[in-house]
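Asks: Supplied structure: upload_11.cif, mmCIF, C-alpha atoms and all ligand atoms.
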```
data_final
#
loop_
_atom_site.label_atom_id
_atom_site.label_comp_id
_atom_site.auth_asym_id
_atom_site.auth_seq_id
_atom_site.Cartn_x
_atom_site.Cartn_y
_atom_site.Cartn_z
CA MET A 1 18.86 -23.97 3.11
CA THR A 2 18.91 -20.70 1.19
CA ASP A 3 16.99 -17.46 1.73
CA HIS A 4 15.05 -16.18 -1.27
CA ILE A 5 13.51 -12.72 -1.50
CA VAL A 6 10.20 -13.40 -3.22
CA ALA A 7 8.43 -10.03 -3.06
CA GLU A 8 8.00 -6.72 -1.28
CA VAL A 9 5.31 -6.76 1.42
CA SER A 10 3.33 -4.22 -0.60
CA GLU A 11 2.96 -6.74 -3.43
CA ILE A 12 0.64 -9.15 -1.57
CA GLU A 13 -2.64 -7.88 -0.13
CA ASP A 14 -4.41 -9.67 2.72
CA GLY A 15 -6.05 -12.85 1.39
CA GLU A 16 -3.87 -12.91 -1.72
CA ARG A 17 -0.98 -15.04 -2.90
CA ILE A 18 1.87 -15.14 -5.34
CA LEU A 19 3.46 -18.10 -7.07
CA VAL A 20 7.22 -18.18 -7.41
CA GLU A 21 9.75 -20.72 -8.60
CA LEU A 22 12.54 -21.53 -6.15
CA LYS A 23 15.17 -24.18 -6.84
CA GLY A 24 12.99 -25.59 -9.62
CA ARG A 25 9.91 -25.89 -7.38
CA GLU A 26 6.72 -23.87 -7.60
CA VAL A 27 5.97 -22.27 -4.24
CA GLY A 28 2.83 -20.42 -3.23
CA VAL A 29 3.29 -17.56 -0.75
CA PHE A 30 0.08 -16.52 1.01
CA TYR A 31 -0.68 -13.51 3.19
CA LEU A 32 -3.56 -13.99 5.56
CA ASP A 33 -4.51 -12.16 8.78
CA GLY A 34 -1.10 -10.53 9.05
CA GLU A 35 0.91 -13.74 8.60
CA TYR A 36 2.76 -15.23 5.63
CA TYR A 37 2.65 -18.89 4.67
CA ALA A 38 4.61 -20.72 1.98
CA PHE A 39 3.75 -24.13 0.54
CA ALA A 40 4.85 -26.29 -2.34
CA ASN A 41 2.36 -25.99 -5.20
CA TRP A 42 1.64 -29.67 -4.92
CA CYS A 43 -1.45 -31.47 -3.66
CA ALA A 44 -1.03 -34.66 -1.64
CA HIS A 45 -3.89 -36.30 -3.55
CA GLN A 46 -2.55 -36.50 -7.10
CA GLY A 47 -0.02 -33.69 -7.28
CA GLY A 48 -2.39 -30.98 -8.49
CA PRO A 49 -1.48 -27.27 -8.35
CA TRP A 50 -2.94 -26.77 -4.90
CA CYS A 51 -1.73 -23.16 -4.49
CA GLU A 52 -3.83 -22.11 -7.49
CA GLY A 53 -7.07 -23.15 -5.81
CA THR A 54 -9.87 -21.02 -4.42
CA LEU A 55 -9.73 -19.60 -0.92
CA THR A 56 -13.05 -20.34 0.68
CA GLY A 57 -14.57 -21.73 3.88
CA THR A 58 -15.88 -25.15 4.77
CA PHE A 59 -18.78 -26.90 6.48
CA GLU A 60 -18.33 -28.21 9.98
CA GLY A 61 -20.82 -30.70 11.37
CA GLU A 62 -22.50 -30.39 14.74
CA PHE A 63 -24.39 -33.24 16.40
CA ASN A 64 -26.72 -32.75 19.34
CA ARG A 65 -26.82 -36.01 21.35
CA GLU A 66 -30.02 -35.07 23.18
CA THR A 67 -32.15 -34.12 20.19
CA LEU A 68 -30.21 -36.27 17.69
CA GLU A 69 -30.20 -33.29 15.36
CA THR A 70 -27.32 -32.58 13.04
CA ARG A 71 -26.41 -29.22 11.67
CA LEU A 72 -23.82 -27.98 9.21
CA ASN A 73 -22.15 -24.65 9.94
CA TRP A 74 -20.12 -22.65 7.43
CA VAL A 75 -16.78 -21.83 9.13
CA LYS A 76 -13.28 -20.48 8.40
CA GLU A 77 -14.35 -18.27 5.49
CA GLY A 78 -11.29 -17.31 3.43
CA LYS A 79 -8.99 -19.67 5.35
CA ILE A 80 -9.49 -22.92 3.45
CA LEU A 81 -7.91 -23.61 0.09
CA ASN A 82 -9.60 -26.02 -2.33
CA CYS A 83 -7.33 -27.87 -4.70
CA PRO A 84 -8.51 -27.00 -8.24
CA TRP A 85 -8.25 -30.60 -9.48
CA HIS A 86 -10.56 -32.59 -7.19
CA GLY A 87 -11.44 -30.21 -4.37
CA TRP A 88 -9.45 -31.55 -1.42
CA GLU A 89 -9.61 -28.90 1.27
CA TYR A 90 -6.60 -27.69 3.26
CA ASP A 91 -6.26 -25.24 6.12
CA ILE A 92 -4.11 -22.43 4.74
CA LYS A 93 -2.52 -21.73 8.12
CA THR A 94 -1.30 -25.28 8.74
CA GLY A 95 -1.41 -27.06 5.38
CA THR A 96 -3.48 -29.81 7.00
CA CYS A 97 -6.02 -31.64 4.84
CA LEU A 98 -9.46 -31.33 6.42
CA SER A 99 -10.68 -34.79 5.44
CA ARG A 100 -7.38 -36.56 6.16
CA ARG A 101 -5.86 -34.98 9.25
CA SER A 102 -2.61 -36.94 8.95
CA VAL A 103 -1.92 -35.34 5.54
CA LYS A 104 0.00 -32.09 5.73
CA LEU A 105 1.42 -30.22 2.76
CA PRO A 106 5.12 -29.36 2.55
CA SER A 107 5.69 -25.84 3.87
CA TYR A 108 8.64 -23.47 4.09
CA PRO A 109 9.65 -20.84 6.65
CA VAL A 110 8.71 -17.26 5.71
CA ARG A 111 9.83 -14.03 7.36
CA VAL A 112 9.85 -10.33 6.60
CA GLU A 113 12.98 -8.19 6.75
CA ASP A 114 13.17 -4.56 5.66
CA GLY A 115 9.85 -4.84 3.84
CA LYS A 116 10.94 -7.92 1.89
CA ILE A 117 9.26 -11.33 2.10
CA ILE A 118 11.88 -14.04 2.44
CA VAL A 119 11.26 -17.76 1.98
CA THR A 120 13.86 -20.26 3.15
CA LEU A 121 14.21 -23.37 1.02
S1 LIG B 1 -4.85 -33.40 -6.97
FE1 LIG B 1 -5.60 -32.07 -5.44
S2 LIG B 1 -7.52 -32.87 -4.94
FE2 LIG B 1 -6.75 -34.24 -6.43
#
```
Show this structure as structure tokens.

Replies:
Amino acid sequence: MTDHIVAEVSEIEDGERILVELKGREVGVFYLDGEYYAFANWCAHQGGPWCEGTLTGTFEGEFNRETLETRLNWVKEGKILNCPWHGWEYDIKTGTCLSRRSVKLPSYPVRVEDGKIIVTL
């Protein structure tokens, strides 16, 4: 495992990302709600460039057993990343696929030291 300085903290605004190449792998480093996340730029579906997708929200279903009514609520705005190839949705904070909860994207530890963002890979 090697530490890699990927950027200064001032280079990534909240809700933004950068793509870097580390050890021959493309890695997306995201900054969201005061935390950094790093993932391989690889989608579990067909290997698409997941980290280049759109940050958006998603619909969550709600079912009322008494009235038998269903409702869709828009949730997690800005915290879900859609893969640009076929739209699989992943939670940016965990890398978990929303439609296949057992699928989780490869992630890497990220920390900040002296204003530098460091990814360990
Ligand atoms: S490769 Fe990502 S959704 Fe198909």

Asks: Listing only residues of chain A within 7 Å of ligand LIG 1 (chain B), what is the closest atom pair and its distance in Å (to one decimal) for each, using all atoms listed in the file, sorted by chain and residue number ascending, as a tab-separated table?

Replies:
```
residue	atom	partner	partner_atom	distance
A:Cys43	CA	B:LIG1	FE1	4.6
A:Ala44	CA	B:LIG1	FE1	6.5
A:His45	CA	B:LIG1	FE2	4.6
A:Gln46	CA	B:LIG1	S1	3.9
A:Gly47	CA	B:LIG1	S1	4.8
A:Gly48	CA	B:LIG1	S1	3.8
A:Pro49	CA	B:LIG1	FE1	7.0
A:Trp50	CA	B:LIG1	FE1	6.0
A:Cys83	CA	B:LIG1	FE1	4.6
A:Pro84	CA	B:LIG1	FE1	6.5
A:Trp85	CA	B:LIG1	FE2	5.0
A:His86	CA	B:LIG1	S2	3.8
A:Gly87	CA	B:LIG1	S2	4.8
A:Trp88	CA	B:LIG1	S2	4.2
```

Asks: Just checking: using all atoms listed in the file, which residue out of A:Tyr37, A:Trp42, A:Phe59, A:Tyr31 ends up closest to A:Leu105?

Replies: A:Trp42

Asks: I'd like the neighbourhood of A:Met1 as a ChimeraX atom specification, where a residue qualifies if any of its atoms comes within 10 Å (using only C-alpha atoms), though same-chain residues fewer than 6 positions away should be ignored.

Replies: /A:119-121

Asks: Taking all atoms listed in the file into account, which of A:Thr54, A:Lys93, A:Leu22, A:Glu66 comes nearest A:Asp3?

Replies: A:Leu22

Asks: So how many Å separate atom CA of A:Glu13 and atom CA of A:Phe39, to one decimal?

Replies: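 These atoms are spaced 17.5 Å apart.
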
Asks: Using all atoms listed in the file for the distances, tell me which of A:Phe30, A:Asp91, A:Ile80, A:Ala38 is nearest to A:Lys104.

Replies: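 Comparing A:Phe30, A:Asp91, A:Ile80, A:Ala38 against A:Lys104, the winner is A:Asp91.
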
Asks: Would you please work out which residue, of A:Glu52, A:Tyr36, A:Asn64, A:Arg111, is nearest to A:Leu19 when using all atoms listed in the file?

Replies: A:Glu52

Asks: Report as number ranges by chain all protein, DNA and RNA residues lying within 6 Å of A:Leu32, evaluated on only C-alpha atoms, omitting residues in the same chain fewer than 2 positions from it.

Replies: A: 14-15, 34-35

Asks: So that I have them on file, write out the residues from the current selection with C-alpha atoms, as an mmCIF file, in the coordinates of the input.

Replies:
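The resulting file, out14.cif, is reproduced below:
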```cif
data_model
loop_
_atom_site.group_PDB
_atom_site.id
_atom_site.type_symbol
_atom_site.label_atom_id
_atom_site.label_comp_id
_atom_site.auth_asym_id
_atom_site.auth_seq_id
_atom_site.Cartn_x
_atom_site.Cartn_y
_atom_site.Cartn_z
ATOM 1 C CA ASP A 14 -4.410 -9.670 2.720
ATOM 2 C CA GLY A 15 -6.050 -12.850 1.390
ATOM 3 C CA GLY A 34 -1.100 -10.530 9.050
ATOM 4 C CA GLU A 35 0.910 -13.740 8.600
#
```

Asks: Excluding A:Thr70 and residues on its chain fewer than 6 positions from it, collect all residues at most 12 Å away from it, counting all atoms listed in the file, and give them as a ChimeraX atom specification.

Replies: /A:60-64

Asks: Rounded to one decimal place, report the atom CA of A:Asp33-atom CA of A:Arg71 distance in Å.

Replies: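 The value is 27.9 Å.
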
Asks: To one decimal place in Å, what is the distance between atom CA of A:Tyr108 and atom CA of A:Tyr90?

Replies: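 Atom-to-atom, atom CA of A:Tyr108 and atom CA of A:Tyr90 are spaced 15.8 Å apart.
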
Asks: For a quick check of understanding, using only C-alpha atoms, which of A:Arg17, A:Glu8, A:Thr96, A:Gly53 has the smallest distance to A:Glu113?

Replies: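 With only C-alpha atoms as the atom set, the closest residue is A:Glu8.
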
Asks: Using only C-alpha atoms, which of A:Lys116, A:Arg101, A:Lys23, A:Glu16 sits nearest A:Thr2?

Replies: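 Among the listed residues, A:Lys23 lies closest to A:Thr2.
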
Asks: Neighbouring residues of A:Thr58 were defined as those with any atom within 9 Å, considering all atoms listed in the file; residues of the same chain fewer than 6 positions away were excluded. Please report them as an MDAnalysis selection string.

Replies: chainID A and resid 73:77 79:80 89
